[in-house]
Amino acid sequence: MTKADIVNEIAKTTGIDKVAVLTTVEAFMDAVKDSLAKDENVYLRGFGSFVVKKRAQKTARNISKNTTIIIPEHNIPAFKPAKTFTIAVKK
């Protein structure tokens, strides 16, 4: 399902025009992205949590040049589904 599919589905279900729904979906995604960029987690009860995970510094190998490189510590976004979400998907 793409963002356009989500917009169409919400517009059909609620009766709101697609432009307003698209603006709302874009605003939601921007709000989640901005919160994670500030190191703040986003909790949506019954759906799941968007969290920031910290990856530790590690060494890796570049096989083609036969060298080791250091990958610095960094943050990555992650999604942890709620229990009700997981149960609904399993069915």
# chains A, B, ... in the order shown; residues from 1 in each chain; ligands from 1
$ residues_around --residues "stretch 68-81 of chain A" --least-positions-apart "5" --cutoff "12 Å" --atoms "only C-alpha atoms" --output "MDAnalysis selection string"
chainID A and resid 32:63 86:89
$ select_by_dssp --residues "stretch 26-74 of chain A" --states "strand (DSSP E)" --output "PyMOL selection string"
chain A and resi 42-44+48-55+58-62+67-71+74
$ select_by_dssp --residues "chain A" --states "alpha helix (DSSP H)" --output "PyMOL selection string"
chain A and resi 3-14+18-37+83-90
$ write_last_selection --atoms "N, CA and C atoms" --output "CSV table (one decimal), in the first residue's frame"
chain,number,residue,atom,x,y,z
A,3,LYS,N,1.4,5.7,-0.2
A,3,LYS,CA,0.8,6.8,0.4
A,3,LYS,C,-0.4,7.3,-0.3
A,4,ALA,N,-0.4,7.2,-1.6
A,4,ALA,CA,-1.6,7.5,-2.4
A,4,ALA,C,-2.8,6.6,-2.1
A,5,ASP,N,-2.5,5.3,-1.9
A,5,ASP,CA,-3.5,4.4,-1.5
A,5,ASP,C,-4.1,4.7,-0.2
A,6,ILE,N,-3.3,5.1,0.7
A,6,ILE,CA,-3.7,5.4,2.1
A,6,ILE,C,-4.6,6.7,2.0
A,7,VAL,N,-4.2,7.7,1.2
A,7,VAL,CA,-5.0,8.9,1.1
A,7,VAL,C,-6.3,8.6,0.5
A,8,ASN,N,-6.4,7.7,-0.6
A,8,ASN,CA,-7.6,7.4,-1.2
A,8,ASN,C,-8.5,6.6,-0.2
A,9,GLU,N,-8.0,5.7,0.5
A,9,GLU,CA,-8.8,4.9,1.5
A,9,GLU,C,-9.4,5.8,2.6
A,10,ILE,N,-8.6,6.7,3.1
A,10,ILE,CA,-9.1,7.6,4.2
A,10,ILE,C,-10.2,8.6,3.6
A,11,ALA,N,-9.9,9.1,2.4
A,11,ALA,CA,-10.9,10.0,1.7
A,11,ALA,C,-12.2,9.3,1.5
A,12,LYS,N,-12.1,8.1,1.0
A,12,LYS,CA,-13.3,7.3,0.8
A,12,LYS,C,-14.1,7.0,2.1
A,13,THR,N,-13.4,6.6,3.1
A,13,THR,CA,-14.0,6.2,4.4
A,13,THR,C,-14.6,7.4,5.1
A,14,THR,N,-13.9,8.6,5.1
A,14,THR,CA,-14.4,9.7,5.9
A,14,THR,C,-15.2,10.7,5.1
A,18,LYS,N,-9.5,14.6,-1.0
A,18,LYS,CA,-8.2,14.0,-1.0
A,18,LYS,C,-7.1,15.0,-0.7
A,19,VAL,N,-7.2,16.2,-1.1
A,19,VAL,CA,-6.2,17.3,-0.8
A,19,VAL,C,-6.0,17.5,0.6
A,20,ALA,N,-7.1,17.6,1.4
A,20,ALA,CA,-7.1,17.8,2.8
A,20,ALA,C,-6.5,16.5,3.5
A,21,VAL,N,-6.8,15.3,3.0
A,21,VAL,CA,-6.3,14.1,3.6
A,21,VAL,C,-4.8,14.0,3.3
A,22,LEU,N,-4.4,14.4,2.1
A,22,LEU,CA,-3.0,14.3,1.8
A,22,LEU,C,-2.2,15.3,2.7
A,23,THR,N,-2.7,16.5,2.9
A,23,THR,CA,-2.0,17.5,3.7
A,23,THR,C,-1.9,16.9,5.2
A,24,THR,N,-3.0,16.3,5.6
A,24,THR,CA,-2.9,15.7,7.0
A,24,THR,C,-1.9,14.6,7.1
A,25,VAL,N,-1.9,13.7,6.1
A,25,VAL,CA,-0.9,12.6,6.2
A,25,VAL,C,0.5,13.1,6.1
A,26,GLU,N,0.7,14.1,5.2
A,26,GLU,CA,2.1,14.7,5.1
A,26,GLU,C,2.5,15.3,6.5
A,27,ALA,N,1.5,16.0,7.1
A,27,ALA,CA,1.8,16.7,8.4
A,27,ALA,C,2.1,15.7,9.4
A,28,PHE,N,1.4,14.6,9.5
A,28,PHE,CA,1.6,13.5,10.4
A,28,PHE,C,3.1,12.9,10.2
A,29,MET,N,3.4,12.6,9.0
A,29,MET,CA,4.7,12.1,8.7
A,29,MET,C,5.8,13.1,9.1
A,30,ASP,N,5.6,14.3,8.8
A,30,ASP,CA,6.6,15.4,9.2
A,30,ASP,C,6.7,15.5,10.7
A,31,ALA,N,5.6,15.4,11.4
A,31,ALA,CA,5.6,15.5,12.9
A,31,ALA,C,6.4,14.3,13.5
A,32,VAL,N,6.2,13.1,13.0
A,32,VAL,CA,6.9,11.9,13.5
A,32,VAL,C,8.4,12.1,13.2
A,33,LYS,N,8.7,12.5,11.9
A,33,LYS,CA,10.1,12.6,11.5
A,33,LYS,C,10.8,13.7,12.4
A,34,ASP,N,10.2,14.8,12.6
A,34,ASP,CA,10.8,15.9,13.4
A,34,ASP,C,11.0,15.4,14.9
A,35,SER,N,10.0,14.7,15.4
A,35,SER,CA,10.1,14.2,16.8
A,35,SER,C,11.3,13.3,16.9
A,36,LEU,N,11.5,12.3,16.0
A,36,LEU,CA,12.6,11.4,16.0
A,36,LEU,C,13.9,12.1,15.8
A,37,ALA,N,13.9,13.1,15.0
A,37,ALA,CA,15.2,13.9,14.8
A,37,ALA,C,15.6,14.6,16.1
A,83,LYS,N,0.7,-4.5,20.9
A,83,LYS,CA,0.3,-5.9,21.0
A,83,LYS,C,-1.0,-6.2,20.2
A,84,THR,N,-1.9,-5.2,20.2
A,84,THR,CA,-3.2,-5.4,19.5
A,84,THR,C,-2.9,-5.4,18.0
A,85,PHE,N,-1.9,-4.6,17.6
A,85,PHE,CA,-1.5,-4.5,16.2
A,85,PHE,C,-1.0,-5.8,15.7
A,86,THR,N,-0.1,-6.4,16.5
A,86,THR,CA,0.5,-7.7,16.2
A,86,THR,C,-0.5,-8.8,16.1
A,87,ILE,N,-1.4,-8.8,17.0
A,87,ILE,CA,-2.5,-9.8,17.0
A,87,ILE,C,-3.4,-9.7,15.8
A,88,ALA,N,-3.7,-8.5,15.4
A,88,ALA,CA,-4.5,-8.3,14.2
A,88,ALA,C,-3.8,-8.7,12.9
A,89,VAL,N,-2.5,-8.6,12.9
A,89,VAL,CA,-1.8,-9.0,11.7
A,89,VAL,C,-1.6,-10.5,11.6
A,90,LYS,N,-1.5,-11.1,12.8
A,90,LYS,CA,-1.4,-12.6,12.8
A,90,LYS,C,-2.6,-13.3,12.3
